[in-house]
Amino acid sequence: MEVASSVLFWFAFALYVGATVLYAYQFILKHSKVVWWARLLTGAGFLCHTASIGVASVAAGRTVFTGKNQLILASWALVLLYFVLEHLLKIRVYGTFLIPVGIVLMAISVLMRSSGGHTPEQELLISTAGIAFHVLLVVFANAGFAFGAVSSALYLYQNNQLKQHKSNRVSRRLPSLATLQTVARRSVLLAFPVYTSGLMLGVIRATQTDVGGWWADPRVMMSGFVWGTYVIYLVTLYRNSVSSRTSAWISVVGLVFVAVLAVLARTVGAGFHVFGVP
């Protein structure tokens with residue numbers, strides 16, 4: 001089964017790469033018929049991706065939420081969110097920028113070393129339904145933050161082009177500034193309560209198991225930075241206390257913190273938290 005899961009994973013990877021090429025071709029040359037094929041390849045890749053996760057879960061007797069598998073789940077969640085938001089928003093350009101992010105996450109998961117296993121104390125912390133939901137909620141929230149950050153980055157680019165009275169093939173293909181800002185705002189607005197719920201489940205589990213000084217874990221503290229950044233984003237945005245450009249930068253910085261947290265989870269040996277590589 002492990003071989004089957006690996007084969008399906010690489011099929012998904014190849015299909016995503018093919019879809020990215022078609023998305024880029026359509027975005028630059030604006031051939032509408034290419035979009036259908038790009039979406040077909042993305043859909044086929046997503047099915048292979050899903051099957052790979054399912055087969056790996058059957059082989060392991062459970063779905064593994066730690067180590068490299070979390071990156072595989074993150075890429076899966078990002079593609080799923082892309083399909084949902086594309087259907088709701090009717091905007092076709094985001095596949096050009098989001099599917100490559102999923103590819104990068106999958107590539108990093110391949111380069112990561114396998115987990116060396118957990119101690120009995122660590123297994124006690126992670127082997128519950130609550131922690132499974134904790135990880136899933138955080139993964140899906142991060143996908144939403146990534147969507148918002150990509151839209152914010154496009155907003156910054158488009159805004160800069162307009163300020164300098166410049167225009168090129170890329171800027172002409174992008175949605176309006178209002179649309180980009182709306183997509184970023186809605187993405188973060190949907191992801192933030194999901195992220196908050198995921199963090200609360202983690203806190204509840206830490207207190208239930210009586211982990212001393214859990215709040216001082218570097219991953220927990222970095223999660224607080226991520227949460228606080230998006231609180232600032234939402235408060236300043238809806239109070240109109242900063243410019244739209246500043247709000248966009250806050251969204252991008254939030255994703256940078258998410259990336260830093262992902263690195264900390266897999267490199268720092270201090271602390272009790274073990275959702276990365278132990």
# chains A, B, ... in the order shown; residues from 1 in each chain; ligands from 1
call {"tool": "residues_around", "arguments": {"residues": "Ser152 in chain A", "least_positions_apart": "6", "cutoff": "8 Å", "atoms": "only C-alpha atoms", "output": "ChimeraX atom specification"}}
result
/A:180-181,184,248-249,251-252
call {"tool": "write_last_selection", "arguments": {"atoms": "N, CA and C atoms", "output": "mmCIF file, in the first residue's frame"}}
result
data_model
loop_
_atom_site.group_PDB
_atom_site.id
_atom_site.type_symbol
_atom_site.label_atom_id
_atom_site.label_comp_id
_atom_site.auth_asym_id
_atom_site.auth_seq_id
_atom_site.Cartn_x
_atom_site.Cartn_y
_atom_site.Cartn_z
ATOM 1 N N LEU A 180 -9.500 42.219 -5.474
ATOM 2 C CA LEU A 180 -8.371 41.586 -4.784
ATOM 3 C C LEU A 180 -8.455 41.807 -3.285
ATOM 4 N N GLN A 181 -8.824 43.007 -2.880
ATOM 5 C CA GLN A 181 -8.948 43.295 -1.457
ATOM 6 C C GLN A 181 -10.105 42.513 -0.835
ATOM 7 N N ALA A 184 -9.047 38.867 -0.361
ATOM 8 C CA ALA A 184 -8.124 38.750 0.773
ATOM 9 C C ALA A 184 -8.879 38.856 2.095
ATOM 10 N N ALA A 248 -2.866 45.065 3.375
ATOM 11 C CA ALA A 248 -2.334 44.013 2.506
ATOM 12 C C ALA A 248 -0.984 43.529 3.005
ATOM 13 N N TRP A 249 -0.141 44.468 3.459
ATOM 14 C CA TRP A 249 1.166 44.083 3.994
ATOM 15 C C TRP A 249 1.030 43.256 5.270
ATOM 16 N N SER A 251 -1.379 41.205 5.969
ATOM 17 C CA SER A 251 -1.773 39.866 5.536
ATOM 18 C C SER A 251 -0.568 39.067 5.052
ATOM 19 N N VAL A 252 0.300 39.716 4.297
ATOM 20 C CA VAL A 252 1.507 39.042 3.793
ATOM 21 C C VAL A 252 2.438 38.682 4.949
#
call {"tool": "residues_around", "arguments": {"residues": "Leu156 in chain A", "least_positions_apart": "5", "cutoff": "12 Å", "atoms": "only C-alpha atoms", "output": "PDB file with C-alpha atoms, in the first residue's frame"}}
result
ATOM      1  CA  ALA A 149      -1.797  36.588   1.360  1.00  0.00           C
ATOM      2  CA  VAL A 150      -1.594  35.735  -2.344  1.00  0.00           C
ATOM      3  CA  SER A 151      -4.514  38.055  -3.038  1.00  0.00           C
ATOM      4  CA  GLN A 161       1.528  49.443 -11.224  1.00  0.00           C
ATOM      5  CA  LEU A 162      -1.368  51.890 -11.124  1.00  0.00           C
ATOM      6  CA  LYS A 163       0.542  54.408  -9.007  1.00  0.00           C
ATOM      7  CA  SER A 171      -1.429  43.613 -14.539  1.00  0.00           C
ATOM      8  CA  LEU A 174      -5.470  40.714 -12.735  1.00  0.00           C
ATOM      9  CA  SER A 176      -9.507  45.084  -9.889  1.00  0.00           C
ATOM     10  CA  LEU A 177      -8.003  46.366  -6.646  1.00  0.00           C
ATOM     11  CA  ALA A 178     -11.427  46.202  -4.984  1.00  0.00           C
ATOM     12  CA  LEU A 180      -8.371  41.586  -4.784  1.00  0.00           C
ATOM     13  CA  GLN A 181      -8.948  43.295  -1.457  1.00  0.00           C
ATOM     14  CA  ALA A 184      -8.124  38.750   0.773  1.00  0.00           C
ATOM     15  CA  SER A 243      -4.677  52.181   4.398  1.00  0.00           C
ATOM     16  CA  SER A 244      -5.614  49.248   2.199  1.00  0.00           C
ATOM     17  CA  ARG A 245      -1.961  48.943   1.258  1.00  0.00           C
ATOM     18  CA  THR A 246      -0.957  48.577   4.925  1.00  0.00           C
ATOM     19  CA  SER A 247      -3.664  45.950   5.466  1.00  0.00           C
ATOM     20  CA  ALA A 248      -2.334  44.013   2.506  1.00  0.00           C
ATOM     21  CA  TRP A 249       1.166  44.083   3.994  1.00  0.00           C
ATOM     22  CA  ILE A 250      -0.166  42.816   7.335  1.00  0.00           C
ATOM     23  CA  SER A 251      -1.773  39.866   5.536  1.00  0.00           C
ATOM     24  CA  VAL A 252       1.507  39.042   3.793  1.00  0.00           C
TER      25      VAL A 252
END
call {"tool": "atom_distance", "arguments": {"atom1": "CA of Tyr230 in chain A", "atom2": "CA of Val170 in chain A"}}
result
28.4 Å
call {"tool": "residues_around", "arguments": {"residues": "Val93 in chain A", "least_positions_apart": "6", "cutoff": "9 Å", "atoms": "only C-alpha atoms", "output": "PyMOL selection string"}}
result
chain A and resi 23+26-27+86+173-175
call {"tool": "select_by_dssp", "arguments": {"residues": "range 9-209 of chain A", "states": "helix (DSSP H, G or I)", "output": "PyMOL selection string"}}
result
chain A and resi 9-29+32-60+68-89+95-111+120-126+129-163+169-173+177-208
call {"tool": "closest_residue", "arguments": {"among": "A:Ala38, A:Leu199, A:Val235, A:Val253", "to": "Arg219 in chain A", "atoms": "only C-alpha atoms"}}
result
A:Leu199
call {"tool": "closest_atom_pairs", "arguments": {"of": "range 66-181 of chain A", "to": "range 10-13 of chain A", "cutoff": "12 Å", "atoms": "only C-alpha atoms", "output": "JSON lines"}}
result
{"residue": "A:Ile72", "atom": "CA", "partner": "A:Phe13", "partner_atom": "CA", "distance": 10.7}
{"residue": "A:Ser75", "atom": "CA", "partner": "A:Phe13", "partner_atom": "CA", "distance": 10.4}
{"residue": "A:Trp76", "atom": "CA", "partner": "A:Ala12", "partner_atom": "CA", "distance": 10.1}
{"residue": "A:Val79", "atom": "CA", "partner": "A:Ala12", "partner_atom": "CA", "distance": 11.3}
{"residue": "A:Ile99", "atom": "CA", "partner": "A:Phe13", "partner_atom": "CA", "distance": 10.3}
{"residue": "A:Pro100", "atom": "CA", "partner": "A:Phe13", "partner_atom": "CA", "distance": 10.2}
{"residue": "A:Val101", "atom": "CA", "partner": "A:Phe13", "partner_atom": "CA", "distance": 11.7}
{"residue": "A:Gly102", "atom": "CA", "partner": "A:Phe13", "partner_atom": "CA", "distance": 9.0}
{"residue": "A:Ile103", "atom": "CA", "partner": "A:Phe13", "partner_atom": "CA", "distance": 6.6}
{"residue": "A:Val104", "atom": "CA", "partner": "A:Phe13", "partner_atom": "CA", "distance": 9.8}
{"residue": "A:Leu105", "atom": "CA", "partner": "A:Phe13", "partner_atom": "CA", "distance": 10.4}
{"residue": "A:Met106", "atom": "CA", "partner": "A:Phe13", "partner_atom": "CA", "distance": 7.4}
{"residue": "A:Ala107", "atom": "CA", "partner": "A:Phe13", "partner_atom": "CA", "distance": 8.5}
{"residue": "A:Ile108", "atom": "CA", "partner": "A:Phe13", "partner_atom": "CA", "distance": 12.0}
{"residue": "A:Ser109", "atom": "CA", "partner": "A:Phe13", "partner_atom": "CA", "distance": 11.6}
{"residue": "A:Val110", "atom": "CA", "partner": "A:Trp10", "partner_atom": "CA", "distance": 10.2}
call {"tool": "write_last_selection", "arguments": {"atoms": "all heavy atoms", "output": "tab-separated table (two decimals), in the first residue's frame"}}
result
chain	number	residue	atom	x	y	z
A	72	ILE	N	1.76	17.50	3.28
A	72	ILE	CA	0.93	16.88	2.25
A	72	ILE	C	-0.54	17.25	2.46
A	72	ILE	O	-1.26	17.58	1.50
A	72	ILE	CB	1.12	15.35	2.27
A	72	ILE	CG1	2.55	14.99	1.88
A	72	ILE	CG2	0.13	14.67	1.33
A	72	ILE	CD1	2.89	13.52	2.04
A	75	SER	N	-1.06	20.99	1.44
A	75	SER	CA	-1.19	21.19	-0.01
A	75	SER	C	-2.55	20.72	-0.49
A	75	SER	O	-3.19	21.36	-1.35
A	75	SER	CB	-0.07	20.46	-0.75
A	75	SER	OG	-0.10	19.07	-0.51
A	76	TRP	N	-3.03	19.60	0.06
A	76	TRP	CA	-4.37	19.09	-0.28
A	76	TRP	C	-5.45	20.10	0.11
A	76	TRP	O	-6.36	20.38	-0.67
A	76	TRP	CB	-4.59	17.76	0.44
A	76	TRP	CG	-5.93	17.14	0.21
A	76	TRP	CD1	-6.31	16.34	-0.84
A	76	TRP	CD2	-7.08	17.25	1.06
A	76	TRP	NE1	-7.63	15.95	-0.70
A	76	TRP	CE2	-8.12	16.50	0.45
A	76	TRP	CE3	-7.33	17.91	2.25
A	76	TRP	CZ2	-9.40	16.40	1.01
A	76	TRP	CZ3	-8.60	17.82	2.82
A	76	TRP	CH2	-9.61	17.07	2.20
A	79	VAL	N	-5.51	23.16	-2.32
A	79	VAL	CA	-6.17	22.89	-3.60
A	79	VAL	C	-7.68	22.81	-3.42
A	79	VAL	O	-8.45	23.33	-4.24
A	79	VAL	CB	-5.62	21.60	-4.23
A	79	VAL	CG1	-6.37	21.26	-5.53
A	79	VAL	CG2	-4.12	21.73	-4.52
A	99	ILE	N	-1.86	26.99	-7.11
A	99	ILE	CA	-1.46	25.60	-7.36
A	99	ILE	C	0.06	25.43	-7.23
A	99	ILE	O	0.53	24.44	-6.65
A	99	ILE	CB	-1.95	25.11	-8.73
A	99	ILE	CG1	-3.48	25.25	-8.83
A	99	ILE	CG2	-1.55	23.66	-8.96
A	99	ILE	CD1	-4.23	24.52	-7.73
A	100	PRO	N	0.88	26.40	-7.70
A	100	PRO	CA	2.32	26.27	-7.47
A	100	PRO	C	2.70	26.23	-5.99
A	100	PRO	O	3.68	25.57	-5.63
A	100	PRO	CB	2.90	27.53	-8.15
A	100	PRO	CG	1.91	27.86	-9.20
A	100	PRO	CD	0.58	27.53	-8.61
A	101	VAL	N	1.94	26.92	-5.13
A	101	VAL	CA	2.21	26.85	-3.70
A	101	VAL	C	2.02	25.43	-3.19
A	101	VAL	O	2.83	24.91	-2.41
A	101	VAL	CB	1.30	27.82	-2.92
A	101	VAL	CG1	1.53	27.69	-1.41
A	101	VAL	CG2	1.53	29.26	-3.36
A	102	GLY	N	0.94	24.78	-3.66
A	102	GLY	CA	0.71	23.38	-3.30
A	102	GLY	C	1.84	22.48	-3.78
A	102	GLY	O	2.25	21.55	-3.06
A	103	ILE	N	2.35	22.75	-4.97
A	103	ILE	CA	3.46	21.95	-5.51
A	103	ILE	C	4.70	22.10	-4.64
A	103	ILE	O	5.40	21.12	-4.34
A	103	ILE	CB	3.75	22.39	-6.96
A	103	ILE	CG1	2.59	22.00	-7.88
A	103	ILE	CG2	5.05	21.76	-7.47
A	103	ILE	CD1	2.72	22.55	-9.29
A	104	VAL	N	4.98	23.34	-4.21
A	104	VAL	CA	6.15	23.59	-3.37
A	104	VAL	C	6.03	22.84	-2.04
A	104	VAL	O	7.00	22.22	-1.57
A	104	VAL	CB	6.31	25.11	-3.12
A	104	VAL	CG1	7.36	25.37	-2.03
A	104	VAL	CG2	6.70	25.82	-4.40
A	105	LEU	N	4.84	22.85	-1.44
A	105	LEU	CA	4.63	22.13	-0.19
A	105	LEU	C	4.86	20.63	-0.36
A	105	LEU	O	5.47	19.97	0.49
A	105	LEU	CB	3.21	22.38	0.33
A	105	LEU	CG	2.90	23.80	0.83
A	105	LEU	CD1	1.43	23.94	1.17
A	105	LEU	CD2	3.77	24.16	2.02
A	106	MET	N	4.37	20.09	-1.48
A	106	MET	CA	4.58	18.67	-1.75
A	106	MET	C	6.06	18.36	-1.96
A	106	MET	O	6.57	17.34	-1.48
A	106	MET	CB	3.76	18.25	-2.97
A	106	MET	CG	2.25	18.33	-2.77
A	106	MET	SD	1.30	17.99	-4.28
A	106	MET	CE	1.48	16.20	-4.39
A	107	ALA	N	6.76	19.25	-2.66
A	107	ALA	CA	8.19	19.04	-2.91
A	107	ALA	C	8.98	19.08	-1.60
A	107	ALA	O	9.88	18.26	-1.39
A	107	ALA	CB	8.70	20.12	-3.88
A	108	ILE	N	8.62	20.01	-0.71
A	108	ILE	CA	9.31	20.08	0.58
A	108	ILE	C	9.07	18.81	1.39
A	108	ILE	O	9.97	18.30	2.06
A	108	ILE	CB	8.84	21.32	1.37
A	108	ILE	CG1	9.28	22.60	0.65
A	108	ILE	CG2	9.41	21.30	2.79
A	108	ILE	CD1	8.73	23.87	1.27
A	109	SER	N	7.83	18.28	1.31
A	109	SER	CA	7.52	17.05	2.06
A	109	SER	C	8.38	15.89	1.59
A	109	SER	O	8.75	15.01	2.38
A	109	SER	CB	6.03	16.70	1.90
A	109	SER	OG	5.73	16.17	0.62
A	110	VAL	N	8.71	15.87	0.31
A	110	VAL	CA	9.57	14.80	-0.23
A	110	VAL	C	10.99	14.94	0.31
A	110	VAL	O	11.66	13.94	0.60
A	110	VAL	CB	9.57	14.85	-1.77
A	110	VAL	CG1	10.60	13.87	-2.34
A	110	VAL	CG2	8.19	14.52	-2.32
call {"tool": "residues_around", "arguments": {"residues": "Ser197 in chain A", "least_positions_apart": "3", "cutoff": "9 Å", "atoms": "only C-alpha atoms", "output": "list in words"}}
result
His134, Leu137, Val138, Phe192, Pro193, Val194, Met200, Leu201 and Gly202 of chain A
call {"tool": "atom_distance", "arguments": {"atom1": "CA of Leu8 in chain A", "atom2": "CA of Cys48 in chain A"}}
result
5.3 Å
call {"tool": "closest_residue", "arguments": {"among": "A:Ile232, A:Leu98, A:Ile53, A:Val220", "to": "Thr20 in chain A", "atoms": "only C-alpha atoms"}}
result
A:Leu98
call {"tool": "decode", "arguments": {"residues": "range 47-78 of chain A", "atoms": "N, CA and C atoms", "output": "mmCIF file, in the first residue's frame"}}
result
data_model
loop_
_atom_site.group_PDB
_atom_site.id
_atom_site.type_symbol
_atom_site.label_atom_id
_atom_site.label_comp_id
_atom_site.auth_asym_id
_atom_site.auth_seq_id
_atom_site.Cartn_x
_atom_site.Cartn_y
_atom_site.Cartn_z
ATOM 1 N N LEU A 47 -7.848 14.337 -7.035
ATOM 2 C CA LEU A 47 -8.359 12.990 -6.762
ATOM 3 C C LEU A 47 -7.224 12.022 -6.441
ATOM 4 N N CYS A 48 -6.130 12.105 -7.212
ATOM 5 C CA CYS A 48 -4.964 11.262 -6.915
ATOM 6 C C CYS A 48 -4.365 11.607 -5.557
ATOM 7 N N HIS A 49 -4.327 12.897 -5.257
ATOM 8 C CA HIS A 49 -3.809 13.376 -3.979
ATOM 9 C C HIS A 49 -4.639 12.803 -2.825
ATOM 10 N N THR A 50 -5.959 12.895 -2.980
ATOM 11 C CA THR A 50 -6.873 12.376 -1.962
ATOM 12 C C THR A 50 -6.702 10.870 -1.782
ATOM 13 N N ALA A 51 -6.611 10.182 -2.915
ATOM 14 C CA ALA A 51 -6.442 8.725 -2.863
ATOM 15 C C ALA A 51 -5.118 8.356 -2.202
ATOM 16 N N SER A 52 -4.065 9.122 -2.475
ATOM 17 C CA SER A 52 -2.758 8.854 -1.873
ATOM 18 C C SER A 52 -2.830 8.975 -0.355
ATOM 19 N N ILE A 53 -3.491 10.027 0.128
ATOM 20 C CA ILE A 53 -3.644 10.215 1.574
ATOM 21 C C ILE A 53 -4.475 9.082 2.165
ATOM 22 N N GLY A 54 -5.550 8.710 1.446
ATOM 23 C CA GLY A 54 -6.409 7.635 1.936
ATOM 24 C C GLY A 54 -5.699 6.302 2.019
ATOM 25 N N VAL A 55 -4.942 5.954 0.979
ATOM 26 C CA VAL A 55 -4.211 4.680 0.968
ATOM 27 C C VAL A 55 -3.148 4.667 2.059
ATOM 28 N N ALA A 56 -2.446 5.808 2.222
ATOM 29 C CA ALA A 56 -1.427 5.892 3.281
ATOM 30 C C ALA A 56 -2.062 5.736 4.661
ATOM 31 N N SER A 57 -3.250 6.275 4.836
ATOM 32 C CA SER A 57 -3.949 6.164 6.125
ATOM 33 C C SER A 57 -4.350 4.720 6.410
ATOM 34 N N VAL A 58 -4.819 4.033 5.367
ATOM 35 C CA VAL A 58 -5.188 2.623 5.538
ATOM 36 C C VAL A 58 -3.956 1.797 5.889
ATOM 37 N N ALA A 59 -2.840 2.080 5.201
ATOM 38 C CA ALA A 59 -1.611 1.323 5.458
ATOM 39 C C ALA A 59 -1.096 1.545 6.879
ATOM 40 N N ALA A 60 -1.243 2.780 7.379
ATOM 41 C CA ALA A 60 -0.750 3.093 8.725
ATOM 42 C C ALA A 60 -1.773 2.767 9.806
ATOM 43 N N GLY A 61 -3.001 2.481 9.406
ATOM 44 C CA GLY A 61 -4.049 2.214 10.388
ATOM 45 C C GLY A 61 -4.673 3.473 10.952
ATOM 46 N N ARG A 62 -4.179 4.636 10.528
ATOM 47 C CA ARG A 62 -4.720 5.930 10.946
ATOM 48 C C ARG A 62 -4.121 7.006 10.049
ATOM 49 N N THR A 63 -4.738 8.166 10.056
ATOM 50 C CA THR A 63 -4.173 9.288 9.316
ATOM 51 C C THR A 63 -3.105 9.952 10.162
ATOM 52 N N VAL A 64 -1.901 10.052 9.628
ATOM 53 C CA VAL A 64 -0.780 10.633 10.355
ATOM 54 C C VAL A 64 -0.794 12.143 10.159
ATOM 55 N N PHE A 65 -0.785 12.882 11.284
ATOM 56 C CA PHE A 65 -0.896 14.331 11.214
ATOM 57 C C PHE A 65 0.407 15.043 11.556
ATOM 58 N N THR A 66 1.498 14.310 11.657
ATOM 59 C CA THR A 66 2.758 14.917 12.041
ATOM 60 C C THR A 66 3.774 14.822 10.907
ATOM 61 N N GLY A 67 4.882 15.574 11.071
ATOM 62 C CA GLY A 67 5.980 15.494 10.124
ATOM 63 C C GLY A 67 5.605 15.897 8.707
ATOM 64 N N LYS A 68 6.166 15.207 7.745
ATOM 65 C CA LYS A 68 5.960 15.544 6.342
ATOM 66 C C LYS A 68 4.500 15.393 5.923
ATOM 67 N N ASN A 69 3.764 14.522 6.602
ATOM 68 C CA ASN A 69 2.361 14.313 6.238
ATOM 69 C C ASN A 69 1.533 15.569 6.434
ATOM 70 N N GLN A 70 1.939 16.423 7.360
ATOM 71 C CA GLN A 70 1.197 17.658 7.554
ATOM 72 C C GLN A 70 1.330 18.582 6.346
ATOM 73 N N LEU A 71 2.501 18.592 5.708
ATOM 74 C CA LEU A 71 2.678 19.392 4.506
ATOM 75 C C LEU A 71 1.849 18.833 3.350
ATOM 76 N N ILE A 72 1.758 17.504 3.276
ATOM 77 C CA ILE A 72 0.928 16.883 2.248
ATOM 78 C C ILE A 72 -0.536 17.255 2.457
ATOM 79 N N LEU A 73 -0.978 17.235 3.714
ATOM 80 C CA LEU A 73 -2.345 17.645 4.025
ATOM 81 C C LEU A 73 -2.551 19.126 3.737
ATOM 82 N N ALA A 74 -1.540 19.948 4.006
ATOM 83 C CA ALA A 74 -1.654 21.384 3.764
ATOM 84 C C ALA A 74 -1.826 21.677 2.274
ATOM 85 N N SER A 75 -1.056 20.991 1.437
ATOM 86 C CA SER A 75 -1.191 21.193 -0.007
ATOM 87 C C SER A 75 -2.553 20.724 -0.491
ATOM 88 N N TRP A 76 -3.029 19.600 0.063
ATOM 89 C CA TRP A 76 -4.368 19.092 -0.275
ATOM 90 C C TRP A 76 -5.450 20.096 0.111
ATOM 91 N N ALA A 77 -5.334 20.672 1.315
ATOM 92 C CA ALA A 77 -6.314 21.649 1.781
ATOM 93 C C ALA A 77 -6.297 22.902 0.915
ATOM 94 N N LEU A 78 -5.121 23.315 0.472
ATOM 95 C CA LEU A 78 -5.008 24.516 -0.359
ATOM 96 C C LEU A 78 -5.706 24.326 -1.698
#
